[in-house]
Each structure stands twice: as C-alpha cells, then as structure tokens.
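Let me begin by presenting the structure, written as structure tokens, before commenting on it.
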Amino acid sequence: MKSTEYIESLPTSTHISRLGAHWIGSVNLERIVNYAGTPVFIYSAAQLTKNARRVKAAAGEAGLGDRLSIFVPFFPNANPHILRPLQDEGVGILLQMPNEHEIVTKFGYSNFIVSPGHVSNEEISFWGQHGYPTFLASLDEITFALQQKAKTISVRIDSLGSDKPGIKVDQLADLAQMLKAHDRTLECFEVYCGSGNSLDDMIDIARQIFRMFLDHFSTAKSINFAGGHGFKYEGWDDQIKHFDWLTYFKAIRVLAAEMGIPDYVNFLIEPARDILADTGVLLVGVKRDIVKHSNGSIVVTDGSRMLMPSAQLRNRSHNTVFLDDTFREIFHGEDAVTCKIRGRSLLRNDYILPGEAVAPNSVVAGGYLLIFDVGAYCATQHMEFLNVPPAGEVVVSIDSSMHLVTKPGHPLDKWRNLLPEHQPIPVG
Ligand SMILES: Cc1ncc(COP(=O)(O)O)c(C=O)c1O
C-alpha cells in the first residue's frame with residue numbers, strides 16, 4: 001500500500017523532473033553502462049558525506065556534539081571503497097564478524113565497535129585481544145568474558161523481547177548481580193529496538209534506555225542507542241526521507257538532564273538506513289516493451305529480486321524513474337500505467353520491488369530504470385539462488401570522477417568453488 005507521503009509526492013504534471021534535484025541527475029550514466037553494463041549499483045560519496053554531516057550538525061545544535069559517537073554497521077553495505085567518506089567524517093564502523101575486521105583493516109580503517117550476536121568463546125577471545133567495545137548477547141557469553149578477565153565488558157540488550165540476540169529485559173537484574181560479584185562495571189550497553197518505530201517511539205525508547213541505566217548500570221560510561229532511526233523510502237524530499245535527528249537529540253538531551261544521567265556518560269548510535277540508503281541507486285536495463293496481459297502489466301528488466309532481496313523482505317517501495325535509450329528521464333503523467341518490475345529469472349515472484357511501480361506508457365525495450373535508495377541492505381544482500389551474478393558497483397567521488405569498485409559478477413561466479421574433478425577425502 002502506498003503511504004500518504006508517496007501519493008503526495010507523485011508528479012501532478014507530466015513534466016516534473018525527479019532527477020533534477022537528485023545527485024544521480026548529474027551522473028554520466030552512459031559512460032557507466034558502457035564500462036560496467038547493467039545491472040549496476042551507483043553510489044555518491046557526496047551524499048554519504050552530506051548524510052554524516054546532517055547527523056553531526058543536529059547533535060551539535062542539540063548540545064550533544066561532544067557526547068555523541070557515530071558507528072555505521074558494515075554489513076548493510078560491506079564495501080570499504082563506498083564507506084571511505086565516513087572515515088574522513090570521523091564516523092566509526094560497527095563490525096559483527098572477524099572476516100569483516102580483516103577486510104576493513106586491510107583498507108586502513110581503525111575505529112570500531114563490535115556487535116557479534118551469539119558467538120563462540122573463540123570469537124569472544126578474538127575481539128577481546130583487540131580490545132574493541134564488544135556487545136555480548138547472553139549471560140553465558142558474559143560469564144566467559146568475565147572469566148577471561150576481558151579488559152572491557154559491554155552488552156547488547158534486546159528490548160523487544162524478540163528472537164534477536166540480546167540479554168532480555170527480565171535478565172538485567174541477574175546481569176547487574178553477576179558484574180557486581182566480579183567487581184566489574186559495564187563500559188557500555190547497546191539496545192536495538194527494531195526498524196519500524198516513529199520518532200515519538202524512538203524518544204520513548206530513549207527514556208526506557210535511561211531507566212535501564214539508572215536501575216541497573218548507573219556506572220556505565222556510555223549508552224548505545226543502536227539503529228532503528230526511520231528512513232522513508234517512499235518520499236522524494238530529503239526532509240521527508242531522513243530521520244528528524246535534531247528533535248531526537250534535543251529530546252535525549254532534555255531527558256538525560258531530567259533523569260539525572262551524569263554528563264560524563266557518552267552516547268553512541270549505529271544508523272544504517274539514514275546514512276546509507278539514499279547514497280545508492282540501482283540502474284537496470286529494460287529488455288522488452290511493457291508486457292500486458294490479464295494479470296496486469298510488467299516491465300521486464302535485466303535486474304533480479306536476487307540483487308536486493310531486502311525490498312521484498314521488508315516491503316520497501318523504493319522510488320523509480322524510467323529513462324529512454326539515451327538516458328533521458330521519461331516524465332509520466334496521465335499516460336502512466338502501474339506495472340510490476342520483473343527480474344530476469346523464471347521464478348514466479350522474481351519481482352525486484354514489492355507491489356507495483358508507475359511506468360510511463362512510452363517505456364520500451366532498450367531503455368533503463370533507476371531504483372532509488374539502495375545504499376543499505378541491497379547489493380550486500382545479493383543472493384546466488386537462480387544463478388544470477390552480482391551487479392557491479394561504481395562510486396561517484398566528491399570531485400565527480402567515477403570509479404568501478406566492484407567488478408560485475410562473471411556469469412559463472414555461482415560455480416567458482418566447484419571442483420573440475422571430485423576430490424577424495426583422505427582416510428585417517
Ligand atoms: C545492532 C544493529 N545496529 C544498527 C543497525 C542498523 O539499523 P537501521 O538500518 O535501522 O539504522 C542494525 C540493523 O539491523 C542492527 O542490528
């Protein structure tokens with residue numbers, strides 16, 4: 001179902017340009033397609049910088065500038081080339097797997113926190129050796145870290161009482177007791193609250209998190225509000241799309257003062273969608289004129305649901321713009337038809353987007369389709385089911401130069417580990 005914002009943001013005339021106001025509007029798509037083909041993910045370093053600065057500016061204006069650290073999770077866009085501007089902005093990276101640590105350190109990154117989910121003792125020791133704040137997710141894991149005399153102890157709390165890894169709220173008293181018995185205090189605790197909350201919900205959750213601090217961990221040095229800061233895929237306007245950080249940070253400052261949270265307690269956040277989503281656009285090729293039959297209309301593309309399963313999984317209505325074969329935006333108005341956007345495989349539901357998109361009637365084979373806000377949870381989720389190779393990735397730098405950062409997958413990628421001959425497993 002379309003949200004009110006989406007309906008409001010639909011063009012009212014046939015000549016409203018969506019690209020004029022968007023960074024992708026000034027990118028030479030023809031050069032990219034000639035070099036990397038389609039489908040291809042395109043990212044903007046300038047937009048990533050702008051997004052990081054928006055959050056930092058709001059924190060500064062709310063009086064939290066010195067108390068706030070931002071860590072962007074690596075798994076929603078696991079490409080160190082794309083995340084590079086975050087380093088220049090003093091934004092750290094949230095890791096969850098040792099292999100992520102290996103790749104980002106090779107690329108010169110150094111400012112990390114770790115939220116690994118439920119893991120083995122070996123993995124806890126791995127992170128312990130590095131000394132990064134590591135948010136452990138069960139009493140059992142914390143018992144091990146205490147036995148190992150870990151330099152620093154941090155925990156992850158599941159405030160939803162869900163299946164997400166994390167210490168449950170009814171275990172907090174036991175945790176506090178355990179720490180006391182070992183004469184240890186928490187460095188930080190992280191509370192992830194899900195991705196579907198309104199601004200008011202998020203402020204209310206901040207209040208609950210402060211309550212946890214006061215009731216159980218009043219000696220902790222910092223509090224990690226994690227992610228869940230809303231991003232509206234359906235809007236076009238920056239102000240509609242992005243989370244209202246200023247109101248949120250001001251509310252946190254007021255709540256902290258009212259509830260008596262000491263000034264030395266610092267705050268962490270781990271936003272992914274708000275920082276990353278609108279830094280990426282997926283360009284796919286339109287491969288047939290609009291197919292019309294009794295089940296509706298279909299735009300056939302060379303994309304696939306397998307490139308960004310998140311759209312279907314999370315029912316995200318990413319915005320779209322159609323281009324003709326010379327990469328000019330096709331405006332739509334009265335002649336538009338609603339279409340499903342089909343991927344290239346035979347799977348019944350290989351639709352790239354959930355529901356339907358609005359397509360101008362003039363869409364024909366040889367044109368292109370831009371799918372917006374794919375900078376988080378998209379290329380990184382590429383699935384090899386159906387043997388669809390991954391798409392290439394291109395970064396547009398601040399100086400407008402363009403760089404291929406992931407080469408397009410080879411058609412035989414799916415079989416890269418297949419042995420030419422079967423290999424007997426040695427006896428003994
Ligand atoms: C621990 C943690 N932090 C941060 C995030 C990012 O969340 P969002 O996309 O809501 O900003 C996630 C998302 O799953 C998460 O699990």
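Simple scheme: letters A, B, ... for chains in structure tokens order, numbers from 1 for residues in each chain, numbers from 1 for ligands in the order shown.
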
Excluding region 75-80 of chain A and residues on its chain fewer than 5 positions from it, collect all residues at most 6 Å away from it, counting only C-alpha atoms, and give them as a compact mmCIF listing (two decimals) with N, CA and C atoms, in the first residue's frame.
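Heads up, here's the output in selection.txt:
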```
# COMPACT_ATOMS: atom_id res chain seq x y z
N ALA A 376 21.68 0.79 1.41
CA ALA A 376 21.74 -0.07 2.60
C ALA A 376 20.94 -1.33 2.35
N TYR A 377 21.49 -2.46 2.75
CA TYR A 377 20.80 -3.77 2.68
C TYR A 377 20.42 -4.17 1.26
N THR A 380 24.70 -5.72 -0.82
CA THR A 380 25.33 -6.60 0.17
C THR A 380 24.50 -7.85 0.43
```

| request: Write out as a count of residues only each polymer residue whose atoms come within 12 Å of Gly367 (chain A), counting only C-alpha atoms; drop sequence neighbours fewer than 4 positions from it. | output: 29

| Selection: 12 Å around region 314-318 of chain A, only C-alpha atoms, excl. self and same-chain fewer than 2 positions, as a count of residues only | 47

Could you give me, as CSV, every chain A residue with an atom at most 9 Å from ligand 1, plus its closest atom pair and distance in Å to one decimal, counting only C-alpha atoms and all ligand atoms, rows ordered by chain then number?
```
residue,atom,partner,partner_atom_place_in_ligand_line,distance
A:Phe71,CA,ligand 1,4 (C),8.5
A:Val72,CA,ligand 1,4 (C),7.3
A:Pro73,CA,ligand 1,4 (C),5.9
A:Phe75,CA,ligand 1,13 (C),8.6
A:Pro76,CA,ligand 1,9 (O),7.6
A:Leu94,CA,ligand 1,3 (N),7.6
A:Gln96,CA,ligand 1,1 (C),8.8
A:Val114,CA,ligand 1,1 (C),9.0
A:Ser115,CA,ligand 1,1 (C),6.1
A:Pro116,CA,ligand 1,1 (C),8.5
A:Gly117,CA,ligand 1,1 (C),8.4
A:Arg156,CA,ligand 1,1 (C),8.2
A:Lys164,CA,ligand 1,16 (O),8.4
A:Glu190,CA,ligand 1,1 (C),7.8
A:Val191,CA,ligand 1,1 (C),7.8
A:Tyr192,CA,ligand 1,1 (C),5.7
A:Cys193,CA,ligand 1,10 (O),8.5
A:Gly194,CA,ligand 1,10 (O),6.7
A:Ser195,CA,ligand 1,10 (O),4.6
A:Gly196,CA,ligand 1,10 (O),8.1
A:Phe225,CA,ligand 1,3 (N),8.5
A:Ala226,CA,ligand 1,3 (N),4.7
A:Gly227,CA,ligand 1,7 (O),3.8
A:Gly228,CA,ligand 1,10 (O),3.2
A:His229,CA,ligand 1,10 (O),5.3
A:Gly230,CA,ligand 1,10 (O),6.6
A:Phe231,CA,ligand 1,10 (O),8.1
A:Ile269,CA,ligand 1,4 (C),7.8
A:Glu270,CA,ligand 1,4 (C),4.6
A:Pro271,CA,ligand 1,11 (O),3.6
A:Ala272,CA,ligand 1,11 (O),3.7
A:Arg273,CA,ligand 1,9 (O),4.2
A:Asp274,CA,ligand 1,11 (O),6.1
A:Ile275,CA,ligand 1,11 (O),7.8
A:Leu276,CA,ligand 1,9 (O),8.6
A:Ala277,CA,ligand 1,9 (O),8.6
A:Ala376,CA,ligand 1,9 (O),7.4
A:Tyr377,CA,ligand 1,9 (O),8.1
```

Store the residues picked out above in a file with N, CA and C atoms, as a JSON list (two decimals), in the first residue's frame.
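Produced file result01.json, reproduced below:
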```json
[["chain", "number", "residue", "atom", "x", "y", "z"],
["A", 71, "PHE", "N", 28.68, 5.17, 14.72],
["A", 71, "PHE", "CA", 29.29, 3.97, 14.13],
["A", 71, "PHE", "C", 28.29, 3.43, 13.11],
["A", 72, "VAL", "N", 28.72, 3.30, 11.86],
["A", 72, "VAL", "CA", 27.81, 2.76, 10.84],
["A", 72, "VAL", "C", 28.09, 1.27, 10.69],
["A", 73, "PRO", "N", 27.04, 0.43, 10.75],
["A", 73, "PRO", "CA", 27.26, -1.01, 10.60],
["A", 73, "PRO", "C", 27.82, -1.34, 9.22],
["A", 75, "PHE", "N", 27.72, -4.44, 7.77],
["A", 75, "PHE", "CA", 27.01, -5.46, 6.99],
["A", 75, "PHE", "C", 25.95, -4.90, 6.03],
["A", 76, "PRO", "N", 25.33, -3.73, 6.28],
["A", 76, "PRO", "CA", 24.33, -3.25, 5.31],
["A", 76, "PRO", "C", 24.92, -2.72, 4.00],
["A", 94, "LEU", "N", 30.73, -0.35, 12.74],
["A", 94, "LEU", "CA", 30.26, -1.45, 13.61],
["A", 94, "LEU", "C", 30.51, -2.76, 12.88],
["A", 96, "GLN", "N", 30.60, -7.19, 12.93],
["A", 96, "GLN", "CA", 29.99, -8.34, 13.59],
["A", 96, "GLN", "C", 30.76, -9.63, 13.36],
["A", 114, "VAL", "N", 31.93, -3.59, 18.16],
["A", 114, "VAL", "CA", 31.57, -4.92, 17.66],
["A", 114, "VAL", "C", 30.27, -5.39, 18.29],
["A", 115, "SER", "N", 29.34, -5.80, 17.43],
["A", 115, "SER", "CA", 28.10, -6.38, 17.94],
["A", 115, "SER", "C", 27.92, -7.72, 17.23],
["A", 116, "PRO", "N", 28.45, -8.81, 17.84],
["A", 116, "PRO", "CA", 28.58, -10.04, 17.07],
["A", 116, "PRO", "C", 27.36, -10.97, 17.09],
["A", 117, "GLY", "N", 26.31, -10.64, 17.85],
["A", 117, "GLY", "CA", 25.24, -11.63, 18.01],
["A", 117, "GLY", "C", 25.73, -12.71, 18.97],
["A", 156, "ARG", "N", 24.71, -6.32, 24.85],
["A", 156, "ARG", "CA", 23.62, -5.99, 23.93],
["A", 156, "ARG", "C", 22.31, -6.42, 24.59],
["A", 164, "LYS", "N", 15.76, -11.64, 18.52],
["A", 164, "LYS", "CA", 17.05, -11.02, 18.22],
["A", 164, "LYS", "C", 18.04, -11.38, 19.31],
["A", 190, "GLU", "N", 24.12, -1.64, 24.65],
["A", 190, "GLU", "CA", 23.51, -1.34, 23.36],
["A", 190, "GLU", "C", 22.08, -1.87, 23.37],
["A", 191, "VAL", "N", 21.16, -1.05, 22.91],
["A", 191, "VAL", "CA", 19.76, -1.52, 22.85],
["A", 191, "VAL", "C", 19.25, -1.29, 21.43],
["A", 192, "TYR", "N", 19.02, -2.38, 20.68],
["A", 192, "TYR", "CA", 18.43, -2.24, 19.34],
["A", 192, "TYR", "C", 16.93, -2.48, 19.47],
["A", 193, "CYS", "N", 16.17, -1.56, 18.87],
["A", 193, "CYS", "CA", 14.73, -1.59, 19.15],
["A", 193, "CYS", "C", 13.88, -1.86, 17.91],
["A", 194, "GLY", "N", 14.47, -2.34, 16.81],
["A", 194, "GLY", "CA", 13.67, -2.64, 15.62],
["A", 194, "GLY", "C", 13.62, -1.43, 14.70],
["A", 195, "SER", "N", 13.19, -1.67, 13.43],
["A", 195, "SER", "CA", 13.32, -0.61, 12.43],
["A", 195, "SER", "C", 12.01, 0.11, 12.13],
["A", 196, "GLY", "N", 10.91, -0.25, 12.80],
["A", 196, "GLY", "CA", 9.62, 0.31, 12.39],
["A", 196, "GLY", "C", 9.07, 1.39, 13.33],
["A", 225, "PHE", "N", 22.49, 3.72, 21.59],
["A", 225, "PHE", "CA", 21.08, 3.69, 21.14],
["A", 225, "PHE", "C", 20.90, 2.88, 19.85],
["A", 226, "ALA", "N", 21.97, 2.32, 19.33],
["A", 226, "ALA", "CA", 21.96, 1.43, 18.15],
["A", 226, "ALA", "C", 21.30, 2.08, 16.94],
["A", 227, "GLY", "N", 20.49, 1.30, 16.19],
["A", 227, "GLY", "CA", 19.86, 1.82, 14.96],
["A", 227, "GLY", "C", 18.35, 1.91, 15.15],
["A", 228, "GLY", "N", 17.63, 1.78, 14.03],
["A", 228, "GLY", "CA", 16.17, 1.85, 14.09],
["A", 228, "GLY", "C", 15.64, 3.25, 13.79],
["A", 229, "HIS", "N", 16.55, 4.18, 13.45],
["A", 229, "HIS", "CA", 16.12, 5.55, 13.15],
["A", 229, "HIS", "C", 15.52, 5.58, 11.75],
["A", 230, "GLY", "N", 14.23, 5.90, 11.68],
["A", 230, "GLY", "CA", 13.43, 5.67, 10.47],
["A", 230, "GLY", "C", 13.94, 6.37, 9.22],
["A", 231, "PHE", "N", 13.72, 5.73, 8.08],
["A", 231, "PHE", "CA", 14.04, 6.32, 6.78],
["A", 231, "PHE", "C", 12.84, 6.02, 5.88],
["A", 269, "ILE", "N", 25.44, 5.94, 18.50],
["A", 269, "ILE", "CA", 24.35, 5.49, 17.63],
["A", 269, "ILE", "C", 24.95, 4.68, 16.50],
["A", 270, "GLU", "N", 24.12, 3.81, 15.91],
["A", 270, "GLU", "CA", 24.59, 2.92, 14.83],
["A", 270, "GLU", "C", 23.64, 2.97, 13.64],
["A", 271, "PRO", "N", 23.41, 4.15, 13.04],
["A", 271, "PRO", "CA", 22.44, 4.22, 11.95],
["A", 271, "PRO", "C", 22.96, 3.58, 10.67],
["A", 272, "ALA", "N", 22.10, 2.85, 9.98],
["A", 272, "ALA", "CA", 22.49, 2.31, 8.66],
["A", 272, "ALA", "C", 21.65, 2.98, 7.58],
["A", 273, "ARG", "N", 20.32, 2.80, 7.62],
["A", 273, "ARG", "CA", 19.50, 3.33, 6.51],
["A", 273, "ARG", "C", 19.64, 4.84, 6.36],
["A", 274, "ASP", "N", 19.58, 5.57, 7.48],
["A", 274, "ASP", "CA", 19.58, 7.03, 7.37],
["A", 274, "ASP", "C", 20.87, 7.56, 6.75],
["A", 275, "ILE", "N", 21.98, 6.86, 7.01],
["A", 275, "ILE", "CA", 23.27, 7.32, 6.49],
["A", 275, "ILE", "C", 23.53, 6.76, 5.09],
["A", 276, "LEU", "N", 23.07, 5.54, 4.84],
["A", 276, "LEU", "CA", 23.50, 4.86, 3.61],
["A", 276, "LEU", "C", 22.46, 4.79, 2.51],
["A", 277, "ALA", "N", 21.17, 4.71, 2.86],
["A", 277, "ALA", "CA", 20.17, 4.31, 1.84],
["A", 277, "ALA", "C", 20.21, 5.21, 0.60],
["A", 376, "ALA", "N", 21.68, 0.79, 1.41],
["A", 376, "ALA", "CA", 21.74, -0.07, 2.60],
["A", 376, "ALA", "C", 20.94, -1.33, 2.35],
["A", 377, "TYR", "N", 21.49, -2.46, 2.75],
["A", 377, "TYR", "CA", 20.80, -3.77, 2.68],
["A", 377, "TYR", "C", 20.42, -4.17, 1.26]]
```

| message | Give me the residues near Phe210 (chain A) as a PyMOL selection string, where near means some atom within 9 Å (using only C-alpha atoms) and where sequence neighbours in that chain fewer than 3 positions away do not count. | response | chain A and resi 205-207+213-215+223+255-256+259+261

| field | Separation of CA of Val395 (chain A) from CA of Ala365 (chain A), in Å and rounded to one decimal | value |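 Between these atoms lies a distance of 26.8 Å.
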
| note | What separates CA of Gly343 (chain A) and CA of Gly303 (chain A) is a distance of 4.9 Å
